[in-house]
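Below: one structure, written as structure tokens.
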Amino acid sequence: MDKRSFVLSQVVAGSLNTIADEMSATVTRTARSPVFNEAHDFTTAIFEMKDMKSRLVAQSPGCTLHLYAVAMAVDRAIDAFKYDLQPGDVILASDPYNGGTHIPDLVVITPVFHDRKPILFPAVRAHMGDVGGPVAGGYNPHARDVWQDGLVMPPVKIVERGEKRADMFDLIVANNRIAHWINGDLDSMIGACQLASRRIGELFDRYGLDTVRDAIQANVDYSERRVRAEIESWADGEYYAETFVDHDYQGQRDVKIACKAIVRGSDLTLDFTGTDPQVKGFINSPIANTMSFIFIGLTTCCDEDIPINEGCMAPVTVIAPEGTVINPRRPAPVGTCTCSAGAEVTEAVLLALAQCAPKRVGVNAHKMPLVMSYGSYDDERMWVFLNFIGFTGGAGAAYETDGWGLYPPLMTGVILPSIEMTEIQYPTRILKHEYVADQTGAGRWRGTPGLETITQHLVPNQTSVMMEGVRHTAKGMVGGEHGASNRVYLATPEGAETEIPEYAFMHPLEAGGAIRTIRGGGGGWGEAMERPPETVREDVIDGYVTREGALADYGVVLGEDLAIDVTATEAARAERLARAA
Amino acid sequence: MSNWNVGIDVGGTFTDLVAIGPNGEFRSTKTPSTPDQSDGVLNALGRLATELGLPLDDFLGELPLIVHGTTVATNSLLEYNGAKVGLITTKGFRDEIEFRRSYKESVFDPRLKPPHAIVPRRSRIGVAERVDHQGNVLTPLDEAGVRAACEEFRRQGVEAVAICYLFSFVNPAHERRTAEIVREELPDAFISLSCDVLPEIREFERVSTTTVNAFVGPRVNAYLTHLEERLRSQGFKGELFIIQSNGGVLSAQEAGRYAVNTLLSGPAGGVTAGSYLGEMAGYDNLITVDMGGTSYDIALIENLQPAVTTESWIGRYRIALPMLDIHTIGAGGGSIAWVDAGGALQVGPASAGSYPGPACYSRGGTRPTVTDANVVLGLLNPDFFLGGEMVLDREKAVDAVRREVAEPLGLSVIEAASAIIELVNSNMANATRLVTTKRGRDPQQFALVAAGGAGGIHAGKQAEELGIRTVIVPGLAPVFCALGDNVADLKISESRTHIGRVDELDFEALNTMFQEMEQRARGRLAGQAVAGNFETKRSLDMHYVGEVHEVTVPIRSRTRRITKLNLDATLGDFHELHERLFAHKDPSQPVEILTLRLDLIGVRERPRMIPQEFGDEDASGALKGERQVHFDVEPTTVPVYNGDLLKAGAFIPGPAIIEQWGTTIAVYPGHECLIDAYGNVIIEIGQARSAAERAA
């Protein structure tokens, strides 16, 4: 390579990522649904058409679980309009069986042309506040097929040669409960794609098409080299792991996700053979969603500075048998796939890789207690409240790092809505939002603490609860303990609580009734008995762990004054190790 | 003597002073910064007094005003050595500062460490109380709980108490009462109240800002008190002012109360100087860049007004106050070039700093830096660094570039050095582009002001890349921040959240609130004798109902009231601004007001520089020789000028190098430059070359 190529590959990569950042800044500020603009549940990225297939070339860090799925959506969009793509077109899609995840995630894509050929495809995928369908907000635990999840949108043009298609907008708006959100959200996503289209045009003008494509290739090759070097550092072998989704909301429990990681030199095969067949309920994860969660698992095991693009996946072969819960056939329902079984896909990958790359795996799963409330204002307008504060949490530990903050990395693009904003936007009051002691996976490094929240709606409403992580909680790694169970209680205004073990569908709550959640913390990393007693004591002083918890979870004996009883601690730890052996 | 103005900026390496005399004469000095920053300040003042032939006491005795930019707050936050803080919150909400709304700096890295806890959980205590979003008290304040918290803080040796309750921006009574109790219980503690520091919606942003204020407050206060005592003991009778993150100045006492406002006290001076320079040189829209040893600061100035943001993170803590929007990336003369594990060339963000510094400094540094690459390419003269005060070793630079970049990549040393420079230029240009486009602006409509020691070498190339036509290298580039300290106005930024739809507004309430804000601001500026005239600027943070981010829209009316008429005009401006920033608008959507903002500006008379008569175009009188420079891989022989001898009106076509004390300016092939009446170097960027490239 000569000097120019070295420099240009960096310069063009920098420019493309800057464009993705600009798109992200645009949608963050202009979208209307809170799940989108306040929670940042979206991703922006740029794809290249190469050999009739699209590949990821640049992205802006957002909600990472959308990212890799978008590539498949771009593929399907190209297929759908193969000979009919024009400059200024913007395509929208949400079909889970055409590169989609779950239906509330809409993807918007625009082709950018050079010399009459579509070359690059900037895209935004975002979670909408509502997309119509049988249940507001899009989570229907009773769904028995994808049409009961919601309105399936195949790739359609919503802007044609720069002109908005009013008929398509009308169709989407007519099928939406919150018209002013969806209109603004679509405008915002289209605006971001159009901005990117202009910028990419400038890039072509500046450097010429060949230079841009060569630079992209150099970057993709570069990421591939880095990921291969990482895989090469792992011992060759086959590493099997399995994990479970609690239930499928239709009576089936302990749905298995199996993953065998086969490491050969710098190649990695992830074979999901042995995973349970697709299920009746809406936890099925369509292949695009599964690929996204595999991508997250792998990238978090690699160096943080590797550019995120298609090259990262080049060393990886995925075997995902069709007809299983991680690659279902139409029309299996998929409504909650971005939670479970998506999270368990990442978890299975990490549990397998933990056996050959223990210092690289962080605990990433985000099994959550998903709570949604629905009600109407006096003027009949509907409100949908996705209870972010109750499920945002659960970061696991990693080597040399206690879990901290709320979400694990794969979800940290998602920003928790402000409590004060929430109370202004909804007839709602948040009464508690705080860590709770002893509800996390212990370990040499522990998970982020568990979380307790209380949400009160001041008007009558219907509340749905979807429980995950009750029986199969966030996994500990490398000898670390699992996180605690999630719990959700619905309370009457008088305070009588009912625990929801698996799910509740449109449960009527009176004005002043409350929803209390205990969100289990993340999994630990390494043996809890190896955590230095002084560190455990610090956790007790900070209230992350109680004195009782210090003994129960870590074998550390603290006196009334919180002084470490060294002899008793050694004895307690020795006894536990003996018992374990 | 009585009309001298003095600005002193303490930087990481040097303490800079600019003094402006009664007849517009300028003096500047540069002395090394000291661990106790007041030593450097006194040294700089001593040097100036000596230059003026006066004993320091006499000089200080006559001095009406010192404006100071200090990094005490910044350092204590970045080094996490601030005060021991206790935090009181609404019961059930003490962890918001640790939750950070779930934000993490890296979304792919499970090994990312948490930020240093400036208030660990043991020092965060929830107290029963609750106010709703309309200000109604739902739960009265548990005063005994506050006293118990104080008792715990006393036991822990807490020096500063931050207080932040939910919805205190609507009804601050509980916070104020809590402060009274804390004052009784812990009379020596520094108190930081969220309803004073940032009376705005969003609890995480508020608690983070309020806690940082408590964390840095005692250190800043101690420093300012100490400095003022030392100045007084040397005879200073004038006023000591501190430059704030919003670009305005405030009395040392006021600055100490809201120390979080001084986090950008250093770089704020440079931006303010940029708008002063623009006014003087006739450019209203500027991008100021300051390239020093470790960082590259970018700021935008439109219509001579520096851009302001409320979205800053400093030291991994969220600061939601209006601050000059200064975007910093790790690119400077000391930035290290390296080949990473995948064989890609990288420059920065790690820096060799001043010690050991670039390889060519001969202080033991072995890693190649941007400065080394500049020396290799002949852009920097090794014998004229800091005007020759320091001699650089070109051989060491060549060795470092060869060993760590050229050989691993299979390039020649010149190719490698040239690649390093191209890459750092591109990194800086990308960052600059994002700063402008995020505001819906095109960099081509701006002039680039290049300050800092390393700015003048790189500016021409970045301007080319960004399509910018004019680069200005200020005559006072090496002491630019201290210049800004001299010309900054007094400024108080007040804000108050008041939520309501535009079509349902209570004008009376709105006007009362603005009046209260103005009164409070005037109170804070009372007692100073520096500014006679005051200006108020009102603006509204607005959004379409449902949007959660706001657009700050200035109210363009001279009347002091909000009326239907000027609100309608403001609403029109909102739609336009929304479209500019976000590519769409929808006047049929309902619009909501979220936060009222008021800037009270005490206008200082700006010192005028004395323009020089334009002389001959011929610059040959300043010619000091020629040398080979590699603008690209091939060398070119170029003339070298002594910048200190260049006169107003001199014209130099590129390629050329201008060397002056503290900075070197590269005039690239196809560019040409002119010395203006104030000693600024104005470079016109040839666009022909890039247009030709585009055509090809």
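In the structure tokens, the first chain shown is A, the next is B, and so on; residue numbers restart at 1 for each chain, and ligands run from 1 in the order shown.
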
Please identify every residue of chain B that has at least one atom no farther than 7 Å from an atom of chain A, counting only C-alpha atoms, and for each give the shortest atom pair and the distance in Å to one decimal, arranged by chain then increasing number, as CSV.
residue,atom,partner,partner_atom,distance
B:Gly92,CA,A:Lys432,CA,4.6
B:Phe93,CA,A:His433,CA,5.5
B:Arg94,CA,A:Glu434,CA,6.7
B:Asp95,CA,A:Glu434,CA,5.8
B:Glu98,CA,A:Gly405,CA,5.9
B:Phe99,CA,A:Gly405,CA,4.5
B:Arg100,CA,A:Gly405,CA,6.7
B:Arg101,CA,A:Leu416,CA,4.6
B:Ser102,CA,A:Leu406,CA,5.0
B:Tyr103,CA,A:Thr412,CA,5.7
B:Lys104,CA,A:Thr412,CA,6.0
B:Val107,CA,A:Pro409,CA,4.8
B:Phe108,CA,A:Thr300,CA,5.0
B:Asp109,CA,A:Thr300,CA,5.5
B:Pro110,CA,A:Gly362,CA,5.1
B:Arg111,CA,A:Ala398,CA,5.6
B:Lys113,CA,A:Thr401,CA,6.2
B:Pro114,CA,A:Trp404,CA,6.4
B:Arg121,CA,A:Asp542,CA,5.1
B:Arg122,CA,A:Asp542,CA,4.5
B:His133,CA,A:Ile424,CA,6.5
B:Phe167,CA,A:Glu420,CA,6.9
B:Ile201,CA,A:Glu420,CA,6.6
B:Arg202,CA,A:Ser418,CA,5.6
B:Glu203,CA,A:Glu420,CA,6.6
B:Ala341,CA,A:Arg226,CA,6.9
B:Gly342,CA,A:Arg226,CA,5.2
B:Glu415,CA,A:Lys3,CA,6.3
B:Ala419,CA,A:Val7,CA,6.1
B:Glu422,CA,A:Val7,CA,7.0
B:Leu423,CA,A:Val7,CA,6.1
B:Ser426,CA,A:Val11,CA,6.1
B:Asn430,CA,A:Ser15,CA,6.5
B:Leu434,CA,A:Thr18,CA,6.7
B:Lys438,CA,A:Glu22,CA,6.6
B:Gly546,CA,A:Arg32,CA,5.2
B:Glu547,CA,A:Arg32,CA,4.8
B:Val548,CA,A:Glu38,CA,6.0
B:His549,CA,A:Arg29,CA,5.6
B:Phe582,CA,A:Thr26,CA,5.6
B:Ala583,CA,A:Gly191,CA,5.7
B:His584,CA,A:Gly191,CA,6.9
B:Arg694,CA,A:Arg206,CA,5.4

Please dump the current selection as a PDB file, in the first residue's frame; keep C-alpha atoms.
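See result-v1.pdb below for the written result:
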ATOM      1  CA  GLY B  92     -35.775   7.043  46.927  1.00  0.00           C
ATOM      2  CA  PHE B  93     -33.691   8.905  44.347  1.00  0.00           C
ATOM      3  CA  ARG B  94     -30.144   9.072  45.668  1.00  0.00           C
ATOM      4  CA  ASP B  95     -28.554   7.040  42.889  1.00  0.00           C
ATOM      5  CA  GLU B  98     -24.531   7.007  39.499  1.00  0.00           C
ATOM      6  CA  PHE B  99     -27.189   5.790  37.038  1.00  0.00           C
ATOM      7  CA  ARG B 100     -26.226   8.572  34.587  1.00  0.00           C
ATOM      8  CA  ARG B 101     -29.496   7.826  32.784  1.00  0.00           C
ATOM      9  CA  SER B 102     -27.706   4.626  31.752  1.00  0.00           C
ATOM     10  CA  TYR B 103     -25.203   6.506  29.614  1.00  0.00           C
ATOM     11  CA  LYS B 104     -21.791   4.900  29.083  1.00  0.00           C
ATOM     12  CA  VAL B 107     -21.488   0.888  23.934  1.00  0.00           C
ATOM     13  CA  PHE B 108     -19.351  -2.079  22.963  1.00  0.00           C
ATOM     14  CA  ASP B 109     -16.981  -2.377  25.901  1.00  0.00           C
ATOM     15  CA  PRO B 110     -18.095  -4.358  28.970  1.00  0.00           C
ATOM     16  CA  ARG B 111     -14.681  -3.690  30.531  1.00  0.00           C
ATOM     17  CA  LYS B 113     -14.576   1.349  34.191  1.00  0.00           C
ATOM     18  CA  PRO B 114     -17.049   3.598  36.001  1.00  0.00           C
ATOM     19  CA  ARG B 121     -23.105   6.225  47.810  1.00  0.00           C
ATOM     20  CA  ARG B 122     -22.322   6.331  51.532  1.00  0.00           C
ATOM     21  CA  HIS B 133     -44.596  18.973  38.750  1.00  0.00           C
ATOM     22  CA  PHE B 167     -39.112  19.476  40.921  1.00  0.00           C
ATOM     23  CA  ILE B 201     -36.037  20.333  34.482  1.00  0.00           C
ATOM     24  CA  ARG B 202     -34.246  16.930  34.311  1.00  0.00           C
ATOM     25  CA  GLU B 203     -33.045  15.542  37.600  1.00  0.00           C
ATOM     26  CA  ALA B 341      -2.389  -3.950  16.053  1.00  0.00           C
ATOM     27  CA  GLY B 342      -4.134  -4.109  12.666  1.00  0.00           C
ATOM     28  CA  GLU B 415       6.143   9.633   3.382  1.00  0.00           C
ATOM     29  CA  ALA B 419       0.974  10.659   6.363  1.00  0.00           C
ATOM     30  CA  GLU B 422      -2.397  14.410   6.666  1.00  0.00           C
ATOM     31  CA  LEU B 423      -4.130  12.181   9.190  1.00  0.00           C
ATOM     32  CA  SER B 426      -8.163  15.107   8.632  1.00  0.00           C
ATOM     33  CA  ASN B 430     -13.766  16.018  10.633  1.00  0.00           C
ATOM     34  CA  LEU B 434     -19.297  17.933  12.885  1.00  0.00           C
ATOM     35  CA  LYS B 438     -24.532  19.859  14.082  1.00  0.00           C
ATOM     36  CA  GLY B 546     -43.497  15.479  22.363  1.00  0.00           C
ATOM     37  CA  GLU B 547     -39.943  16.364  21.407  1.00  0.00           C
ATOM     38  CA  VAL B 548     -37.650  16.074  24.394  1.00  0.00           C
ATOM     39  CA  HIS B 549     -34.848  18.288  23.182  1.00  0.00           C
ATOM     40  CA  PHE B 582     -33.056  19.447  11.907  1.00  0.00           C
ATOM     41  CA  ALA B 583     -34.042  19.563   8.268  1.00  0.00           C
ATOM     42  CA  HIS B 584     -37.777  19.773   8.935  1.00  0.00           C
ATOM     43  CA  ARG B 694     -12.761  17.517  -7.983  1.00  0.00           C
TER      44      ARG B 694
END

Inset, instruction - Write out as a list in words the residues lying within 9 Å of Leu65 (chain A), counting only C-alpha atoms and excluding same-chain residues fewer than 3 positions away. - result: Phe42, Thr43, Gly62, Tyr68, Ala69, Asn289, Ser292, Phe293, Phe295, Ile296, Thr338, Gly342, Leu410 and Met411 of chain A

Legend entry - Neighbour list for region 117-124 of chain A as a PyMOL selection string, cut-off 6 Å, only C-alpha atoms, skip fewer than 2 positions in-chain: chain A and resi 43-49+107-115+193

Inset, instruction - Enumerate the residues of region 395-640 of chain B with a DSSP assignment of alpha helix (DSSP H), computed from the backbone, and present them as a VMD selection string. - result: chain B and resid 395 to 401 407 to 409 413 to 437 455 to 466 480 to 487 507 to 525 564 to 582

Restrict the selected residues to C-alpha atoms and save them as a short mmCIF file (atom, residue, chain, number, x, y, z; two decimals), in the first residue's frame.
data_model
loop_
_atom_site.label_atom_id
_atom_site.label_comp_id
_atom_site.auth_asym_id
_atom_site.auth_seq_id
_atom_site.Cartn_x
_atom_site.Cartn_y
_atom_site.Cartn_z
CA GLU B 395 17.74 13.55 14.04
CA LYS B 396 15.75 12.32 17.03
CA ALA B 397 12.53 13.21 15.20
CA VAL B 398 13.67 11.33 12.09
CA ASP B 399 14.65 8.28 14.17
CA ALA B 400 11.33 8.17 15.97
CA VAL B 401 9.28 8.50 12.79
CA GLU B 407 9.47 0.89 8.96
CA PRO B 408 6.32 -0.85 10.22
CA LEU B 409 4.35 0.52 7.27
CA VAL B 413 10.53 8.65 6.51
CA ILE B 414 9.19 11.60 4.54
CA GLU B 415 6.14 9.63 3.38
CA ALA B 416 5.50 8.54 6.95
CA ALA B 417 5.80 12.06 8.35
CA SER B 418 3.56 13.36 5.61
CA ALA B 419 0.97 10.66 6.36
CA ILE B 420 1.02 11.63 10.05
CA ILE B 421 0.31 15.25 9.19
CA GLU B 422 -2.40 14.41 6.67
CA LEU B 423 -4.13 12.18 9.19
CA VAL B 424 -4.05 14.66 12.06
CA ASN B 425 -5.32 17.36 9.69
CA SER B 426 -8.16 15.11 8.63
CA ASN B 427 -9.06 14.26 12.25
CA MET B 428 -9.22 17.94 13.06
CA ALA B 429 -11.20 18.76 9.92
CA ASN B 430 -13.77 16.02 10.63
CA ALA B 431 -14.26 17.25 14.16
CA THR B 432 -14.64 20.80 12.87
CA ARG B 433 -17.16 19.69 10.27
CA LEU B 434 -19.30 17.93 12.88
CA VAL B 435 -19.25 21.01 15.10
CA THR B 436 -20.57 23.17 12.27
CA THR B 437 -23.02 20.75 10.72
CA GLY B 455 -2.44 26.25 14.90
CA GLY B 456 -0.64 28.26 12.21
CA ILE B 457 1.05 25.28 10.58
CA HIS B 458 -2.07 23.19 10.14
CA ALA B 459 -4.80 25.76 9.51
CA GLY B 460 -4.19 26.19 5.79
CA LYS B 461 -4.62 22.50 5.08
CA GLN B 462 -7.75 22.18 7.17
CA ALA B 463 -9.25 25.20 5.50
CA GLU B 464 -8.66 23.53 2.14
CA GLU B 465 -10.34 20.35 3.30
CA LEU B 466 -13.34 22.21 4.73
CA PHE B 480 -4.90 34.53 22.69
CA CYS B 481 -6.83 33.47 25.81
CA ALA B 482 -5.32 36.27 27.88
CA LEU B 483 -6.37 38.70 25.17
CA GLY B 484 -9.93 37.41 25.51
CA ASP B 485 -9.86 37.97 29.28
CA ASN B 486 -9.26 41.63 28.53
CA VAL B 487 -12.20 42.10 26.25
CA PHE B 507 -48.11 36.28 29.67
CA GLU B 508 -48.34 37.80 33.14
CA ALA B 509 -46.64 34.81 34.74
CA LEU B 510 -44.03 34.68 32.04
CA ASN B 511 -43.16 38.36 32.39
CA THR B 512 -43.04 38.13 36.16
CA MET B 513 -40.64 35.27 35.89
CA PHE B 514 -38.39 37.13 33.47
CA GLN B 515 -38.44 40.13 35.82
CA GLU B 516 -37.43 37.98 38.76
CA MET B 517 -34.62 36.48 36.74
CA GLU B 518 -33.40 39.91 35.74
CA GLN B 519 -33.54 41.16 39.31
CA ARG B 520 -31.58 38.22 40.54
CA ALA B 521 -28.99 38.71 37.79
CA ARG B 522 -28.70 42.41 38.57
CA GLY B 523 -28.24 41.57 42.22
CA ARG B 524 -25.37 39.31 41.33
CA LEU B 525 -23.70 42.05 39.29
CA LYS B 564 -48.48 38.30 21.74
CA LEU B 565 -46.72 40.16 18.97
CA ASN B 566 -43.16 39.34 19.81
CA LEU B 567 -44.05 35.81 20.90
CA ASP B 568 -45.55 35.19 17.45
CA ALA B 569 -42.34 36.45 15.89
CA THR B 570 -40.33 34.18 18.17
CA LEU B 571 -42.52 31.25 17.24
CA GLY B 572 -41.80 32.00 13.57
CA ASP B 573 -38.10 32.02 14.36
CA PHE B 574 -38.50 28.71 16.14
CA HIS B 575 -39.90 26.99 13.06
CA GLU B 576 -37.09 28.40 10.91
CA LEU B 577 -34.40 27.43 13.39
CA HIS B 578 -35.90 23.97 13.74
CA GLU B 579 -35.75 23.49 10.02
CA ARG B 580 -32.18 24.76 9.85
CA LEU B 581 -31.00 22.53 12.64
CA PHE B 582 -33.06 19.45 11.91
#

Legend entry - CA of Ile242 (chain B) to CA of Ser354 (chain B), distance in Å rounded to a single decimal: 26.7 Å

Residue contacts of region 155-168 of chain A (7 Å, only C-alpha atoms) excluding same-chain residues fewer than 2 positions away, as an mmCIF file with C-alpha atoms, in the first residue's frame:
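part02.cif, written as the output of this step:
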data_model
loop_
_atom_site.group_PDB
_atom_site.id
_atom_site.type_symbol
_atom_site.label_atom_id
_atom_site.label_comp_id
_atom_site.auth_asym_id
_atom_site.auth_seq_id
_atom_site.Cartn_x
_atom_site.Cartn_y
_atom_site.Cartn_z
ATOM 1 C CA ALA A 77 -35.117 -3.425 0.186
ATOM 2 C CA ALA A 80 -37.721 -5.510 -3.620
ATOM 3 C CA GLN A 86 -34.225 6.268 -8.088
ATOM 4 C CA PRO A 87 -32.264 9.103 -6.543
ATOM 5 C CA GLY A 88 -34.410 10.696 -3.865
ATOM 6 C CA ASP A 89 -36.274 7.494 -3.010
ATOM 7 C CA VAL A 90 -36.673 6.580 0.639
ATOM 8 C CA ILE A 91 -37.736 3.085 1.632
ATOM 9 C CA LEU A 92 -39.466 2.003 4.799
ATOM 10 C CA ALA A 93 -39.798 -1.546 6.145
ATOM 11 C CA MET A 153 -44.692 -3.451 6.399
ATOM 12 C CA ASP A 170 -51.812 7.955 5.288
ATOM 13 C CA LEU A 171 -51.659 4.180 5.462
ATOM 14 C CA ILE A 172 -49.114 4.273 8.275
#

Inset, instruction - Compare B:Gly364, B:Gly334, B:Gly453, B:Gly269 by their minimum atom-to-atom distance to Phe385 (chain B), counting only C-alpha atoms, and give me the closest one. - result: B:Gly453

Legend entry - Picked from region 290-404 of chain B by DSSP as strand (DSSP E or B), as a PyMOL selection string: chain B and resi 290-291+296-302+305-306+308-309+312-314+317-319+323-324+327-329+335-339+345-351+369+385+390

Export N, CA and C atoms of the chosen residues as a compact mmCIF listing (two decimals), in the first residue's frame?
# COMPACT_ATOMS: atom_id res chain seq x y z
N ASP B 290 -7.92 26.17 18.49
CA ASP B 290 -6.75 26.40 19.32
C ASP B 290 -6.01 25.08 19.43
N MET B 291 -4.86 25.00 18.78
CA MET B 291 -4.12 23.75 18.79
C MET B 291 -2.90 23.93 19.66
N TYR B 296 -7.06 19.99 20.82
CA TYR B 296 -7.48 20.87 19.75
C TYR B 296 -8.89 21.31 20.10
N ASP B 297 -9.06 22.60 20.37
CA ASP B 297 -10.36 23.14 20.78
C ASP B 297 -11.02 23.85 19.61
N ILE B 298 -12.27 23.51 19.37
CA ILE B 298 -12.99 24.12 18.25
C ILE B 298 -14.22 24.85 18.78
N ALA B 299 -14.45 26.06 18.32
CA ALA B 299 -15.67 26.78 18.70
C ALA B 299 -16.19 27.57 17.52
N LEU B 300 -17.49 27.81 17.54
CA LEU B 300 -18.15 28.48 16.44
C LEU B 300 -18.63 29.85 16.88
N ILE B 301 -18.41 30.84 16.03
CA ILE B 301 -18.91 32.19 16.32
C ILE B 301 -19.75 32.63 15.14
N GLU B 302 -21.02 32.94 15.42
CA GLU B 302 -21.89 33.43 14.35
C GLU B 302 -22.33 34.84 14.68
N GLN B 305 -21.23 36.26 17.78
CA GLN B 305 -21.70 35.64 19.03
C GLN B 305 -21.20 34.19 19.10
N PRO B 306 -20.40 33.89 20.12
CA PRO B 306 -19.95 32.50 20.26
C PRO B 306 -21.13 31.56 20.53
N VAL B 308 -23.28 28.62 22.15
CA VAL B 308 -23.40 28.18 23.53
C VAL B 308 -24.12 26.84 23.54
N THR B 309 -23.74 25.97 24.46
CA THR B 309 -24.42 24.68 24.57
C THR B 309 -24.76 24.40 26.03
N SER B 312 -22.81 19.75 27.80
CA SER B 312 -21.42 19.35 28.01
C SER B 312 -21.26 18.20 29.00
N TRP B 313 -20.23 17.43 28.78
CA TRP B 313 -19.72 16.48 29.76
C TRP B 313 -18.27 16.88 30.03
N ILE B 314 -17.92 17.01 31.29
CA ILE B 314 -16.52 17.31 31.62
C ILE B 314 -16.09 16.34 32.72
N TYR B 317 -18.61 13.89 33.93
CA TYR B 317 -19.83 14.36 34.61
C TYR B 317 -20.58 15.33 33.71
N ARG B 318 -21.88 15.29 33.83
CA ARG B 318 -22.75 16.09 32.97
C ARG B 318 -22.88 17.48 33.56
N ILE B 319 -22.56 18.49 32.76
CA ILE B 319 -22.71 19.88 33.18
C ILE B 319 -23.73 20.51 32.24
N MET B 323 -22.77 26.92 28.44
CA MET B 323 -21.33 27.14 28.37
C MET B 323 -20.98 27.38 26.91
N LEU B 324 -19.88 28.06 26.68
CA LEU B 324 -19.42 28.18 25.30
C LEU B 324 -19.26 26.76 24.77
N HIS B 327 -15.58 22.33 21.54
CA HIS B 327 -15.43 20.90 21.31
C HIS B 327 -13.94 20.58 21.28
N THR B 328 -13.54 19.61 22.09
CA THR B 328 -12.12 19.30 22.22
C THR B 328 -11.83 17.90 21.72
N ILE B 329 -10.81 17.74 20.90
CA ILE B 329 -10.35 16.40 20.56
C ILE B 329 -8.86 16.28 20.92
N SER B 335 0.69 15.02 20.15
CA SER B 335 -0.05 13.78 19.87
C SER B 335 0.87 12.73 19.26
N ILE B 336 0.78 11.53 19.77
CA ILE B 336 1.69 10.46 19.37
C ILE B 336 1.16 9.72 18.15
N ALA B 337 2.03 9.49 17.17
CA ALA B 337 1.67 8.69 15.99
C ALA B 337 2.11 7.26 16.25
N TRP B 338 1.24 6.31 15.90
CA TRP B 338 1.55 4.91 16.17
C TRP B 338 0.84 4.01 15.18
N VAL B 339 1.40 2.84 15.03
CA VAL B 339 0.78 1.85 14.14
C VAL B 339 0.11 0.83 15.03
N LEU B 345 -2.29 3.31 10.67
CA LEU B 345 -1.64 4.46 11.28
C LEU B 345 -2.66 5.24 12.12
N GLN B 346 -2.28 5.59 13.33
CA GLN B 346 -3.16 6.37 14.20
C GLN B 346 -2.38 7.57 14.72
N VAL B 347 -3.06 8.69 14.93
CA VAL B 347 -2.42 9.83 15.57
C VAL B 347 -3.27 10.23 16.77
N GLY B 348 -2.65 10.20 17.97
CA GLY B 348 -3.39 10.53 19.19
C GLY B 348 -4.35 9.41 19.54
N PRO B 349 -5.23 9.57 20.52
CA PRO B 349 -5.33 10.77 21.36
C PRO B 349 -4.23 10.88 22.42
N ALA B 350 -3.42 9.82 22.60
CA ALA B 350 -2.37 9.92 23.62
C ALA B 350 -1.37 11.01 23.22
N SER B 351 -0.90 11.73 24.21
CA SER B 351 0.03 12.82 23.93
C SER B 351 1.29 12.66 24.77
N THR B 369 5.80 12.30 17.35
CA THR B 369 4.61 13.12 17.56
C THR B 369 4.38 13.98 16.32
N PHE B 385 12.43 27.30 17.72
CA PHE B 385 11.24 26.90 18.47
C PHE B 385 11.14 27.85 19.66
N MET B 390 14.40 27.29 22.55
CA MET B 390 14.56 25.86 22.68
C MET B 390 15.02 25.31 21.34

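Restricting the calculation to only C-alpha atoms, the smallest distance between Gln589 (chain B) and any of B:Glu659, B:Val502, B:Ile601, B:Ala451 is found for B:Val502.
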
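The neighbours of Pro32 (chain B) here are the residues that come within 8 Å of it, using only C-alpha atoms and leaving out any residue fewer than 6 positions away in the same chain; they are B:Thr13, B:Phe14, B:Thr15, B:Gly40.
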
Inset, instruction - Might you pull out every residue within 9 Å of Glu535 (chain B), with only C-alpha atoms counted and same-chain residues fewer than 4 positions away left off, and present them as a PyMOL selection string? - result: chain B and resi 599-603

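With only C-alpha atoms taken into account, the protein and nucleic acid residues at most 7 Å from region 212-218 of chain B (excluding it and anything under 6 positions from it in its own chain) are Ala73, Ser76, Leu77, Gly82, Ala83, Lys84, Val85, Ile118, Ala160, Val161, Ala162, Phe190, Ile191, Ser192, Gly256, Arg257, Tyr258, Ala259 and Val260 of chain B.
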
Inset, instruction - Rank A:Phe388, A:Phe505, A:Gln252, A:Ile518 by their smallest atom-to-atom distance to Asn140 (chain A), using only C-alpha atoms, and report the top residue only. - result: A:Phe505

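Of the residues listed (B:Thr595, B:Ser123, B:Ser620, B:Asn285), B:Ser123 shows the shortest atom-to-atom separation from Phe153 (chain B); distances use only C-alpha atoms.
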
Legend entry - Nearest-residue call for Ser245 (chain B), choices B:Leu78, B:Leu48, B:Ala488, B:Asp58, using only C-alpha atoms: B:Ala488
